[in-house]
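For reference, start18.cif is printed below; it contains mmCIF, C-alpha atoms.
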data_final
#
loop_
_atom_site.group_PDB
_atom_site.id
_atom_site.type_symbol
_atom_site.label_atom_id
_atom_site.label_comp_id
_atom_site.auth_asym_id
_atom_site.auth_seq_id
_atom_site.Cartn_x
_atom_site.Cartn_y
_atom_site.Cartn_z
ATOM 1 C CA TYR A 133 -77.623 -32.687 34.163
ATOM 2 C CA ILE A 134 -78.129 -31.645 37.768
ATOM 3 C CA LYS A 135 -81.895 -31.231 37.406
ATOM 4 C CA ALA A 136 -82.242 -34.656 35.734
ATOM 5 C CA HIS A 137 -80.346 -36.397 38.518
ATOM 6 C CA GLN A 138 -82.254 -34.511 41.198
ATOM 7 C CA ALA A 139 -85.559 -35.465 39.529
ATOM 8 C CA LEU A 140 -84.395 -39.092 39.559
ATOM 9 C CA ALA A 141 -83.587 -38.875 43.263
ATOM 10 C CA ASP A 142 -87.022 -37.319 43.896
ATOM 11 C CA LEU A 143 -88.710 -39.870 41.556
ATOM 12 C CA ASP A 144 -90.342 -36.959 39.701
ATOM 13 C CA GLU A 145 -91.395 -38.685 36.466
ATOM 14 C CA ASP A 146 -92.908 -35.564 34.862
ATOM 15 C CA GLU A 147 -89.677 -33.607 35.304
ATOM 16 C CA MET A 148 -87.657 -36.612 34.131
ATOM 17 C CA ARG A 149 -89.669 -36.844 30.880
ATOM 18 C CA ARG A 150 -88.884 -33.175 30.256
ATOM 19 C CA LEU A 151 -85.145 -33.482 30.990
ATOM 20 C CA VAL A 152 -84.164 -36.879 29.506
ATOM 21 C CA THR A 153 -84.835 -38.590 26.176
ATOM 22 C CA GLU A 154 -87.172 -41.496 25.568
ATOM 23 C CA LYS A 155 -84.163 -43.842 25.494
ATOM 24 C CA CYS A 156 -82.711 -42.624 28.781
ATOM 25 C CA PHE A 157 -85.960 -42.415 30.787
ATOM 26 C CA PRO A 158 -86.629 -46.170 31.209
ATOM 27 C CA GLU A 159 -82.945 -46.862 31.897
ATOM 28 C CA MET A 160 -82.812 -44.330 34.716
ATOM 29 C CA MET A 161 -86.200 -45.290 36.166
ATOM 30 C CA TYR A 162 -85.275 -48.998 36.128
ATOM 31 C CA MET A 163 -82.194 -48.214 38.175
ATOM 32 C CA ALA A 164 -84.374 -46.404 40.723
ATOM 33 C CA ASP A 165 -87.043 -49.120 40.939
ATOM 34 C CA LYS A 166 -87.711 -50.230 44.539
ATOM 35 C CA LYS A 167 -84.891 -48.038 45.825
ATOM 36 C CA THR A 168 -84.504 -44.722 47.596
ATOM 37 C CA ILE A 169 -81.800 -42.514 46.139
ATOM 38 C CA ARG A 170 -80.103 -39.691 48.013
ATOM 39 C CA TRP A 171 -77.994 -37.722 45.531
ATOM 40 C CA LYS A 172 -76.358 -34.354 45.974
ATOM 41 C CA TYR A 173 -74.203 -32.300 43.623
ATOM 42 C CA ILE A 174 -71.496 -30.641 45.711
ATOM 43 C CA LYS A 175 -69.302 -28.674 43.307
ATOM 44 C CA THR A 176 -67.626 -28.604 39.924
ATOM 45 C CA ILE A 177 -63.924 -29.507 39.924
ATOM 46 C CA GLU A 178 -63.413 -28.556 36.254
ATOM 47 C CA PRO A 179 -65.881 -26.689 34.051
ATOM 48 C CA PRO A 180 -67.900 -29.061 31.836
ATOM 49 C CA ARG A 181 -66.574 -29.199 28.306
ATOM 50 C CA VAL A 182 -67.851 -30.573 25.022
ATOM 51 C CA VAL A 183 -65.580 -33.345 23.775
ATOM 52 C CA HIS A 184 -67.602 -34.493 20.763
ATOM 53 C CA ALA A 185 -70.455 -33.149 18.629
ATOM 54 C CA ARG A 186 -72.432 -34.751 15.815
ATOM 55 C CA HIS A 187 -75.650 -34.377 13.912
ATOM 56 C CA ALA A 188 -77.673 -36.633 11.662
ATOM 57 C CA ASP A 189 -80.893 -36.614 9.725
ATOM 58 C CA ILE A 190 -83.324 -39.390 10.552
ATOM 59 C CA ILE A 191 -85.633 -40.718 7.797
ATOM 60 C CA SER A 192 -85.814 -37.366 5.968
ATOM 61 C CA LYS A 193 -83.556 -34.338 5.530
ATOM 62 C CA ASP A 194 -85.971 -32.182 7.536
ATOM 63 C CA ASN A 195 -85.691 -34.332 10.665
ATOM 64 C CA MET A 196 -82.332 -33.359 12.196
ATOM 65 C CA PHE A 197 -80.930 -34.436 15.561
ATOM 66 C CA GLY A 198 -77.791 -33.171 17.264
ATOM 67 C CA GLN A 199 -75.762 -34.864 19.984
ATOM 68 C CA LEU A 200 -73.082 -33.501 22.289
ATOM 69 C CA THR A 201 -70.791 -35.524 24.515
ATOM 70 C CA VAL A 202 -69.917 -33.473 27.593
ATOM 71 C CA ARG A 203 -67.203 -34.241 30.122
ATOM 72 C CA PHE A 204 -68.246 -33.542 33.719
ATOM 73 C CA HIS A 205 -65.699 -33.591 36.549
ATOM 74 C CA SER A 206 -67.435 -32.889 39.825
ATOM 75 C CA GLN A 207 -67.889 -33.835 43.450
ATOM 76 C CA GLN A 208 -71.075 -35.636 44.435
ATOM 77 C CA THR A 209 -72.591 -37.742 47.165
ATOM 78 C CA LEU A 210 -74.728 -40.790 46.483
ATOM 79 C CA ALA A 211 -76.494 -43.204 48.782
ATOM 80 C CA VAL A 212 -78.895 -45.894 47.603
ATOM 81 C CA TYR A 213 -81.245 -47.638 50.009
ATOM 82 C CA ASP A 214 -83.333 -50.730 49.355
ATOM 83 C CA ARG A 215 -87.086 -50.861 49.940
ATOM 84 C CA PHE A 216 -86.500 -51.649 53.629
ATOM 85 C CA GLY A 217 -84.307 -48.588 54.162
ATOM 86 C CA ARG A 218 -81.014 -50.490 54.322
ATOM 87 C CA LEU A 219 -77.987 -48.886 52.685
ATOM 88 C CA ILE A 220 -76.949 -50.936 49.634
ATOM 89 C CA TYR A 221 -74.568 -48.526 47.915
ATOM 90 C CA GLY A 222 -72.588 -45.382 48.705
ATOM 91 C CA ASN A 223 -72.754 -43.039 51.662
ATOM 92 C CA GLU A 224 -74.581 -39.722 52.096
ATOM 93 C CA ASN A 225 -71.674 -38.238 54.052
ATOM 94 C CA VAL A 226 -68.767 -39.198 51.780
ATOM 95 C CA VAL A 227 -67.997 -36.805 48.926
ATOM 96 C CA LYS A 228 -66.608 -38.530 45.823
ATOM 97 C CA ASP A 229 -64.854 -37.131 42.776
ATOM 98 C CA VAL A 230 -66.893 -38.174 39.732
ATOM 99 C CA LEU A 231 -65.742 -38.081 36.106
ATOM 100 C CA GLU A 232 -68.601 -38.700 33.670
ATOM 101 C CA TYR A 233 -69.136 -38.420 29.954
ATOM 102 C CA CYS A 234 -72.786 -37.639 29.263
ATOM 103 C CA VAL A 235 -74.500 -37.509 25.878
ATOM 104 C CA PHE A 236 -77.107 -34.803 25.335
ATOM 105 C CA GLU A 237 -79.492 -34.803 22.401
ATOM 106 C CA LYS A 238 -81.636 -32.131 20.743
ATOM 107 C CA HIS A 239 -84.185 -32.311 17.968
ATOM 108 C CA ILE A 240 -82.653 -29.527 15.884
ATOM 109 C CA SER A 241 -85.600 -29.327 13.491
ATOM 110 C CA ASN A 242 -87.894 -28.432 16.383
ATOM 111 C CA LEU A 243 -87.724 -24.682 16.932
ATOM 112 C CA TYR A 244 -88.515 -25.153 20.638
ATOM 113 C CA GLY A 245 -86.405 -28.298 21.146
ATOM 114 C CA THR A 246 -84.261 -28.519 24.259
ATOM 115 C CA TRP A 247 -81.057 -30.348 25.061
ATOM 116 C CA ARG A 248 -81.937 -33.472 27.021
ATOM 117 C CA LEU A 249 -79.805 -36.134 28.673
ATOM 118 C CA HIS A 250 -79.599 -39.112 26.298
ATOM 119 C CA GLY A 251 -77.168 -41.425 28.100
ATOM 120 C CA LYS A 252 -73.789 -41.874 29.704
ATOM 121 C CA ILE A 253 -70.683 -43.394 28.210
ATOM 122 C CA ILE A 254 -69.472 -46.163 30.496
ATOM 123 C CA PRO A 255 -65.924 -47.442 29.856
ATOM 124 C CA ASP A 256 -65.338 -51.145 29.174
ATOM 125 C CA TRP A 257 -63.269 -51.613 32.348
ATOM 126 C CA LYS A 258 -66.107 -50.436 34.589
ATOM 127 C CA SER A 259 -68.565 -53.000 35.889
ATOM 128 C CA GLN A 260 -71.859 -52.934 33.990
ATOM 129 C CA ASP A 261 -73.788 -54.574 36.844
ATOM 130 C CA GLY A 262 -74.187 -51.420 38.881
ATOM 131 C CA ILE A 263 -76.662 -51.498 41.715
ATOM 132 C CA GLN A 264 -79.367 -53.610 40.049
ATOM 133 C CA GLY A 265 -78.024 -56.830 41.524
ATOM 134 C CA LEU A 266 -78.052 -55.504 45.082
ATOM 135 C CA LEU A 267 -81.810 -55.641 45.615
ATOM 136 C CA THR A 268 -83.172 -57.580 48.535
ATOM 137 C CA TYR A 269 -85.839 -60.177 48.042
ATOM 138 C CA ARG A 270 -87.812 -62.689 50.028
ATOM 139 C CA VAL A 271 -86.512 -66.256 50.041
ATOM 140 C CA PRO A 272 -89.380 -68.727 49.761
ATOM 141 C CA PRO A 273 -89.647 -71.092 52.735
ATOM 142 C CA VAL A 274 -88.356 -74.632 52.210
ATOM 143 C CA VAL A 275 -91.052 -77.266 52.590
ATOM 144 C CA GLU A 276 -89.938 -79.963 55.050
ATOM 145 C CA GLU A 277 -90.999 -82.816 52.737
ATOM 146 C CA GLU A 278 -88.743 -81.502 49.965
ATOM 147 C CA ALA A 279 -85.860 -81.153 52.402
ATOM 148 C CA ASP A 280 -86.364 -84.736 53.634
ATOM 149 C CA GLU A 281 -86.420 -86.046 50.037
ATOM 150 C CA GLU A 282 -83.219 -84.181 49.192
ATOM 151 C CA ALA A 283 -81.491 -85.569 52.309
ATOM 152 C CA GLU A 284 -82.532 -89.122 51.362
ATOM 153 C CA GLN A 285 -81.187 -88.662 47.814
ATOM 154 C CA VAL A 286 -77.860 -87.409 49.127
ATOM 155 C CA ALA A 287 -77.634 -90.358 51.529
ATOM 156 C CA GLU A 288 -78.436 -92.857 48.736
ATOM 157 C CA GLU A 289 -75.755 -91.347 46.479
ATOM 158 C CA ALA A 290 -73.215 -91.564 49.320
ATOM 159 C CA ASN A 291 -74.080 -95.245 49.905
ATOM 160 C CA LYS A 292 -73.701 -96.049 46.179
ATOM 161 C CA LYS A 293 -70.204 -94.546 46.130
ATOM 162 C CA LYS A 294 -69.084 -96.704 49.041
#
As a first step, turn the structure in this file into C-alpha cells.
Amino acid sequence: YIKAHQALADLDEDEMRRLVTEKCFPEMMYMADKKTIRWKYIKTIEPPRVVHARHADIISKDNMFGQLTVRFHSQQTLAVYDRFGRLIYGNENVVKDVLEYCVFEKHISNLYGTWRLHGKIIPDWKSQDGIQGLLTYRVPPVVEEEADEEAEQVAEEANKKK
C-alpha cells in the first residue's frame, strides 16, 4: 500500500506495475497525468484489518484469484500541483486522518504470485470527480471578428425584442 502510493508520487511506472494490478495501474496513472504529487505516510492510527475476503476461479478451475478488502486508518499528507507548479489540492504541511478500504488481489494459482493493489472502495456520498477536473489549460484567444459578429447578433436580438 505504502510502496504503491510512493511509486505513484515518484511516477515510477516499473515499480507501479509490480505493486498494482492491470486494472488499477491506468486508473492511478491517469490521476497523476500532468501533475506533481507529494504524498507522505505519517503513521497508522489503527492497525490495518481485513474486512472481507473472497476467491473465484476464472475460465477454468485451475485459474484461481483471491481478493482481500483491507481497512486502513492512517495519517497522511497529500499535495497535488499542476504542470505549472501551482497547488491544486491538499497541503504538504497539513496531516489528515484518512480512512480507506483498499482491495488487494493475488493470482493464487501462481506459486510466486504477490498481493497487489487492485482498487479502492469509494462510498456513494463521496465525490467521484476527485482532482481530474482541477487541471489548468490554455484558453484559445478570441478572434476579434468573431467577437464583433457576436456583439452584432446580441444587438439585433435586443432591437427585435423592443
- Item | the PyMOL selection byres ((chain A and resi 201) around 6) resolved against shown file, as a list in words |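 Residues picked by the PyMOL selection byres ((chain A and resi 201) around 6): Val182, Val183, His184, Leu200, Val202, Cys234 and Val235 of chain A.
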Residues just named, written with C-alpha atoms as a compact mmCIF listing (two decimals), keeping the file's coordinate frame:
# COMPACT_ATOMS: atom_id res chain seq x y z
CA VAL A 182 -67.85 -30.57 25.02
CA VAL A 183 -65.58 -33.34 23.78
CA HIS A 184 -67.60 -34.49 20.76
CA LEU A 200 -73.08 -33.50 22.29
CA VAL A 202 -69.92 -33.47 27.59
CA CYS A 234 -72.79 -37.64 29.26
CA VAL A 235 -74.50 -37.51 25.88
- Message: Taking (-66.6, -39.3, 52.5) in the coordinates of the supplied file, I want to know which residues reach to within 12 Å of it, counting all atoms listed in the file; could you give the answer as a count of residues only?
- Response: 13
- Message: Would you compute the distance between CA of Ala141 in chain A and CA of Phe216 in chain A? Give it in Å to one decimal.
- Response: 16.7 Å
When you look at Thr246 in chain A with a cut-off of 9 Å (counting all atoms listed in the file), what residues show up, excluding the ones that are within fewer than 4 positions of it in the same chain? I need them as a PDB file with C-alpha atoms, in the coordinates of the input.
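Full text of result23.pdb as output:
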ATOM      1  CA  ARG A 150     -88.884 -33.175  30.256  1.00  0.00           C
ATOM      2  CA  LEU A 151     -85.145 -33.482  30.990  1.00  0.00           C
ATOM      3  CA  GLU A 237     -79.492 -34.803  22.401  1.00  0.00           C
ATOM      4  CA  LYS A 238     -81.636 -32.131  20.743  1.00  0.00           C
ATOM      5  CA  HIS A 239     -84.185 -32.311  17.968  1.00  0.00           C
ATOM      6  CA  ILE A 240     -82.653 -29.527  15.884  1.00  0.00           C
ATOM      7  CA  ASN A 242     -87.894 -28.432  16.383  1.00  0.00           C
TER       8      ASN A 242
END
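Here CA of Tyr213 in chain A stands at a distance of 22.9 Å from CA of Leu231 in chain A.
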- Query: What does the distance between CA of Leu219 in chain A and CA of Thr168 in chain A come to in Å, to one decimal place?
  - Reply: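 Value for the CA of Leu219 in chain A-CA of Thr168 in chain A distance: 9.3 Å.
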- Task: Kindly resolve the PyMOL selection byres ((chain A and resi 214) around 9) on the present coordinates and return the residues as a ChimeraX atom specification.
- Result: /A:166-169,212-213,215-220,266-268
- Message: Between A:Val230, A:Ile134, A:Ala185, A:Met163, which residue has the minimum interatomic distance to Phe197 in chain A, considering all atoms listed in the file?
- Response: A:Ala185
